[in-house]
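As C-alpha cells, the structure follows; a few thoughts come after it.
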Amino acid sequence: MLRTRTLLSRFGPFGQLRLSSTISIPSTQKGVIFYESGGKLHYKDLAVPKPRNNEILVNVKYSGVCHTDLHAWKGDWPLDTKLPLVGGHEGAGVVVAKGENVKNFEIGDLAGIKWLNGSCQSCEMCEMGHESNCAHADLSGYTHDGTFQQYATADAIQAAHIPKGTDLAGVAPILCAGVTVYKALRSSGARPGEWVAISGAAGGLGSLATQYARAMGLRVVGIDGGEDKAKLFKSLGGEIFIDFTKEKDIPAAILEATQGGAHGVINVSVSEKAMSQSVEYVRPQGTVVLVGLPANAVIKSNVFNHVVKSFSIKGSYVGNRADSREAVEFFSRGLVKSPIKIVGLSELPKIYELMEAGKILGRYVVDTSK
C-alpha cells in the first residue's frame with residue numbers, strides 16, 4: 001500500500017523548494033541507464049519505480065556525480081553491479097510517496113538518497129553503527145537503481161532528512177562526498193590546530209574535505225596539480241598547496257611545511273602512487289586514511305618506517321546516519337559550500353569523459369529535468 005499525495009514543486013534561483021498546486025506521479029520518467037558494464041549510456045524514458053513498504057519515493061531534482069559512478073558504469077571493482085543499472089547516489093529531492101511502514105518521512109519532506117540505500121539493521125555492524133559495513137548493504141546506483149533518474153526509491157531509515165529551504169543542488173554532493181570526507185577527517189583523529197594533508201585537494205571530494213577540515217579547526221595542506229586547482233584550494237581556506245606537477249619531492253615539502261609531517265592524511269585521489277607516498281609524510285603517531293578507490297590498487301609501506309614512526313593506516317567508507325546528519329548540518333550552517341557546476345542529466349556521458357581525463361574542478365551536479 002502506498003501513501004501518496006499529488007505535489008508540484010517549483011524552484012527558486014538557488015534550488016530552494018516552493019510548493020504550489022498539485023499534480024499526480026507519472027508512470028514514466030527520464031533517466032540514464034546502461035545494460036552492460038562500460039556499455040552505452042542511454043538517456044531514455046523509464047518506468048517510475050514503486051516504493052516497498054519500508055521505502056520512500058523521491059522526486060529527484062538534482063544528483064551529484066561521483067567517481068564511484070564511473071566505476072559502477074565500468075564495472076571495474078571486485079563487486080558485481082546489478083544490470084541493467086541506473087547509476088547515481090547523491091540525489092536530493094522531495095518525497096512524493098511512501099510505503100505503509102514509513103513513519104519518519106511525510107509527503108512533501110525534502111530527502112536525500114545516499115550511497116547506502118539500505119542495510120539489514122540487525123547484524124553486528126549495523127548494531128554498532130557501522131551500517132556501511134553490513135554484509136547485506138543495498139547500494140544506490142550499484143545494487144539498487146540510483147539517482148540518475150527523476151524518481152528513485154530509498155529505505156526510509158537510511159534516507160537523509162534535508163531541512164526545508166535548503167539549496168538542493170548544493171546539498172546533493174554532501175550526501176556522499178561530504179559525508180565521506182567528514183567521516184574520514186574524524187577517523188584521522190586530528191585535533192583542532194593540527195595538520196591534515198589532503199591528496200586530491202581540489203577535486204570533488206577534496207574541495208569538500210578542505211572546507212570540512214577548516215570548519216573543524218584543522219590546518220590544511222593540499223596536494224593536487226595545476227594553477228586552477230591551486231586557486232580553488234586557496235579560495236576554500238586551504239593553507240599550503242603542493243603542486244605535484246612542479247614539486248620534485250612531495251614528502252620532503254610536506255615534512256618541511258608542517259614541521260614534522262601531517263597528523264592526518266586523507267587520500268581522496270585515485271592515484272596508487274600518491275597513496276603509497278602518503279606514508280612517507282605522515283607524522284609519527286599519525287593516521288593515513290584511505291578513501292579513494294582506484295581499481296586493483298595496493299598501498300605499500302616500509303615496515304621499519306611504519307614501526308618506528310608508529311603510524312596507522314585506516315580505511316574510511318562513507319558514514320553512518322549520524323555522520324550524514326552532522327555533515328548536512330555543516331552545510332546548512334553555511335560552513336561548507338559545494339563548488340558545483342550544474343548541467344543536464346542528458347550530459348552525463350560528457351561528465352564521465354572529463355572525469356576520466358582528470359579535468360574536473362569541484363563537483364558536477366546534474367539537473368534531472370534536462
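Residues in the C-alpha cells are named by chain (A, B, ... in the order shown) and by number from 1 within that chain; ligands are numbered from 1 in the order shown.
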
If we count only C-alpha atoms, what is near Val48 (chain A) at a cut-off of 8 Å, once residues fewer than 6 positions away on the same chain are taken out, given as a PyMOL selection string? chain A and resi 26-29+151-152

Residues from last step as file, C-alpha atoms, as a CSV table (one decimal), in the first residue's frame:
chain,number,residue,atom,x,y,z
A,26,PRO,CA,3.7,10.0,-13.7
A,27,SER,CA,4.1,6.4,-14.9
A,28,THR,CA,7.3,7.2,-16.9
A,29,GLN,CA,10.3,9.5,-16.4
A,151,TYR,CA,12.2,9.4,-9.4
A,152,ALA,CA,14.1,7.0,-7.1

Strand (DSSP E or B) positions in region 294-370 of chain A, given as a ChimeraX atom specification: /A:312-315,340-344,363-367

Store the residues picked out above in a file with N, CA, C and O atoms, as a PDB file, in the first residue's frame.
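Saved as again21.pdb:
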ATOM      1  N   SER A 312      49.314   4.816  11.828  1.00  0.00           N
ATOM      2  CA  SER A 312      48.240   3.888  11.463  1.00  0.00           C
ATOM      3  C   SER A 312      47.785   4.127  10.032  1.00  0.00           C
ATOM      4  O   SER A 312      47.856   5.256   9.530  1.00  0.00           O
ATOM      5  N   ILE A 313      47.325   3.072   9.402  1.00  0.00           N
ATOM      6  CA  ILE A 313      46.671   3.180   8.098  1.00  0.00           C
ATOM      7  C   ILE A 313      45.252   2.660   8.261  1.00  0.00           C
ATOM      8  O   ILE A 313      45.032   1.545   8.726  1.00  0.00           O
ATOM      9  N   LYS A 314      44.286   3.508   7.910  1.00  0.00           N
ATOM     10  CA  LYS A 314      42.882   3.147   8.074  1.00  0.00           C
ATOM     11  C   LYS A 314      42.132   3.297   6.752  1.00  0.00           C
ATOM     12  O   LYS A 314      42.448   4.161   5.942  1.00  0.00           O
ATOM     13  N   GLY A 315      41.130   2.483   6.583  1.00  0.00           N
ATOM     14  CA  GLY A 315      40.166   2.705   5.519  1.00  0.00           C
ATOM     15  C   GLY A 315      38.953   3.412   6.099  1.00  0.00           C
ATOM     16  O   GLY A 315      38.583   3.182   7.255  1.00  0.00           O
ATOM     17  N   ILE A 340      30.129  23.663  -7.233  1.00  0.00           N
ATOM     18  CA  ILE A 340      29.488  22.788  -8.214  1.00  0.00           C
ATOM     19  C   ILE A 340      29.303  23.466  -9.569  1.00  0.00           C
ATOM     20  O   ILE A 340      29.294  24.685  -9.688  1.00  0.00           O
ATOM     21  N   LYS A 341      29.134  22.628 -10.579  1.00  0.00           N
ATOM     22  CA  LYS A 341      28.717  23.062 -11.909  1.00  0.00           C
ATOM     23  C   LYS A 341      27.502  22.227 -12.265  1.00  0.00           C
ATOM     24  O   LYS A 341      27.554  20.991 -12.236  1.00  0.00           O
ATOM     25  N   ILE A 342      26.389  22.891 -12.599  1.00  0.00           N
ATOM     26  CA  ILE A 342      25.141  22.191 -12.885  1.00  0.00           C
ATOM     27  C   ILE A 342      24.960  22.043 -14.391  1.00  0.00           C
ATOM     28  O   ILE A 342      25.042  23.022 -15.138  1.00  0.00           O
ATOM     29  N   VAL A 343      24.712  20.811 -14.826  1.00  0.00           N
ATOM     30  CA  VAL A 343      24.396  20.522 -16.227  1.00  0.00           C
ATOM     31  C   VAL A 343      23.201  19.577 -16.251  1.00  0.00           C
ATOM     32  O   VAL A 343      22.789  19.040 -15.224  1.00  0.00           O
ATOM     33  N   GLY A 344      22.664  19.352 -17.439  1.00  0.00           N
ATOM     34  CA  GLY A 344      21.533  18.451 -17.568  1.00  0.00           C
ATOM     35  C   GLY A 344      21.922  16.991 -17.407  1.00  0.00           C
ATOM     36  O   GLY A 344      23.048  16.590 -17.720  1.00  0.00           O
ATOM     37  N   ARG A 363      32.742  19.760  -8.199  1.00  0.00           N
ATOM     38  CA  ARG A 363      31.788  18.669  -8.370  1.00  0.00           C
ATOM     39  C   ARG A 363      30.750  19.000  -9.442  1.00  0.00           C
ATOM     40  O   ARG A 363      30.213  20.112  -9.467  1.00  0.00           O
ATOM     41  N   TYR A 364      30.465  18.044 -10.309  1.00  0.00           N
ATOM     42  CA  TYR A 364      29.360  18.203 -11.256  1.00  0.00           C
ATOM     43  C   TYR A 364      28.073  17.726 -10.597  1.00  0.00           C
ATOM     44  O   TYR A 364      28.044  16.712  -9.889  1.00  0.00           O
ATOM     45  N   VAL A 365      26.991  18.467 -10.854  1.00  0.00           N
ATOM     46  CA  VAL A 365      25.656  18.096 -10.389  1.00  0.00           C
ATOM     47  C   VAL A 365      24.733  18.115 -11.602  1.00  0.00           C
ATOM     48  O   VAL A 365      24.777  19.048 -12.417  1.00  0.00           O
ATOM     49  N   VAL A 366      23.917  17.068 -11.739  1.00  0.00           N
ATOM     50  CA  VAL A 366      23.002  17.015 -12.874  1.00  0.00           C
ATOM     51  C   VAL A 366      21.586  17.422 -12.450  1.00  0.00           C
ATOM     52  O   VAL A 366      21.120  17.066 -11.366  1.00  0.00           O
ATOM     53  N   ASP A 367      20.967  18.209 -13.315  1.00  0.00           N
ATOM     54  CA  ASP A 367      19.573  18.618 -13.165  1.00  0.00           C
ATOM     55  C   ASP A 367      18.731  17.577 -13.910  1.00  0.00           C
ATOM     56  O   ASP A 367      18.853  17.424 -15.117  1.00  0.00           O
TER      57      ASP A 367
END

For Phe34 (chain A), the nearest of the candidates A:Gly189, A:Gly222, A:Gly75, A:Pro339, counting only C-alpha atoms: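 Nearest to Phe34 (chain A): A:Gly75.
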
Skipping near chain neighbours, those fewer than 4 positions away, what residues fall within 10 Å of region 153-162 of chain A using only C-alpha atoms, listed as number ranges by chain? A: 48-60, 91-95, 97-99, 101-105, 109-119, 121, 131, 138-140, 144-147, 166-168, 171, 175, 320-322, 324-325, 328-329, 332

Please return, as a VMD selection string, all residues of region 225-291 of chain A that DSSP assigns to alpha helix (DSSP H) on the basis of the backbone. chain A and resid 227 to 235 250 to 257 272 to 278

What's the 8 Å shell around region 345-362 of chain A, counting only C-alpha atoms, without same-chain residues fewer than 2 positions away, as number ranges by chain? A: 31-32, 41, 43, 67, 70, 148, 202-207, 229, 338-341, 343, 364, 366-370

Nearest to Asn305 (chain A) among A:Cys126, A:Val282, A:Leu290, A:Leu335, with distances taken over only C-alpha atoms: which residue is it?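 Of the candidates, the smallest distance to Asn305 (chain A) is held by A:Val282.
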
Counting only C-alpha atoms, what is within 12 Å of Val268 (chain A), bar same-chain residues fewer than 5 positions away, as a ChimeraX atom specification? /A:66-68,177-178,180-182,184-185,197-210,222-224,274-275,278,288-294,315-318

Proximity to Arg214 (chain A) - best of A:Ile254, A:Val336, A:Ile266, A:Ala327, only C-alpha atoms: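 Checking each of A:Ile254, A:Val336, A:Ile266, A:Ala327 against Arg214 (chain A), counting only C-alpha atoms, the winner is A:Val336.
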
What's the separation between CA of Gly264 (chain A) and CA of Ser301 (chain A), in Å to one decimal place?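 Going from CA of Gly264 (chain A) over to CA of Ser301 (chain A), I get 15.9 Å.
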
Select, from A:Ser24, A:Phe330, A:Lys246, A:Leu85, the residue with the minimum atom-to-atom distance to Ala215 (chain A), counting only C-alpha atoms. A:Phe330

Atomic distance CA of Ile250 (chain A) - CA of Lys183 (chain A), expressed in Å with one decimal: 25.5 Å

So that I can see what lies close to Leu255 (chain A), please list as a ChimeraX atom specification the residues with an atom at most 9 Å from it, counting only C-alpha atoms and leaving out residues fewer than 4 positions away in the same chain. /A:250-251,259-262,280-283

Nearest candidate to Ser63 (chain A) (options A:Lys30, A:Lys44, A:Lys337, A:His89; using only C-alpha atoms): A:His89

Contacts of region 298-300 of chain A at 7 Å (only C-alpha atoms; same-chain gap of 2+ positions) as a short mmCIF file (atom, residue, chain, number, x, y, z; two decimals) with all heavy atoms, in the first residue's frame:
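Wrote part-v1.cif, looks like this:
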data_model
loop_
_atom_site.label_atom_id
_atom_site.label_comp_id
_atom_site.auth_asym_id
_atom_site.auth_seq_id
_atom_site.Cartn_x
_atom_site.Cartn_y
_atom_site.Cartn_z
N GLU A 272 47.36 5.35 -7.03
CA GLU A 272 48.02 4.35 -6.19
C GLU A 272 49.36 4.88 -5.69
O GLU A 272 49.73 4.68 -4.53
CB GLU A 272 48.22 3.06 -6.98
CG GLU A 272 48.87 1.94 -6.20
CD GLU A 272 48.98 0.66 -7.01
OE1 GLU A 272 48.71 0.69 -8.23
OE2 GLU A 272 49.33 -0.38 -6.42
N MET A 275 48.94 7.33 -2.80
CA MET A 275 48.58 6.66 -1.55
C MET A 275 49.81 6.09 -0.86
O MET A 275 50.01 6.27 0.34
CB MET A 275 47.55 5.56 -1.82
CG MET A 275 46.18 6.07 -2.17
SD MET A 275 45.00 4.73 -2.43
CE MET A 275 43.47 5.66 -2.53
N SER A 276 50.65 5.39 -1.62
CA SER A 276 51.86 4.82 -1.03
C SER A 276 52.82 5.91 -0.58
O SER A 276 53.51 5.77 0.43
CB SER A 276 52.54 3.90 -2.05
OG SER A 276 51.76 2.74 -2.28
N ASN A 296 42.13 -2.12 -8.35
CA ASN A 296 43.27 -3.03 -8.18
C ASN A 296 44.50 -2.40 -7.51
O ASN A 296 45.61 -2.90 -7.64
CB ASN A 296 43.69 -3.63 -9.53
CG ASN A 296 42.54 -4.31 -10.24
OD1 ASN A 296 41.84 -5.12 -9.65
ND2 ASN A 296 42.33 -3.98 -11.51
N ASN A 302 56.91 0.76 4.05
CA ASN A 302 58.14 0.17 4.56
C ASN A 302 57.93 -0.23 6.03
O ASN A 302 57.57 0.61 6.86
CB ASN A 302 59.28 1.17 4.43
CG ASN A 302 60.58 0.67 5.01
OD1 ASN A 302 60.79 0.73 6.22
ND2 ASN A 302 61.46 0.17 4.15
#

Pick from A:Leu232, A:Ile25, A:Leu46, A:Val279: nearest to Val96 (chain A), with only C-alpha atoms counted?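 Using only C-alpha atoms, Val96 (chain A) sits closest to A:Ile25.
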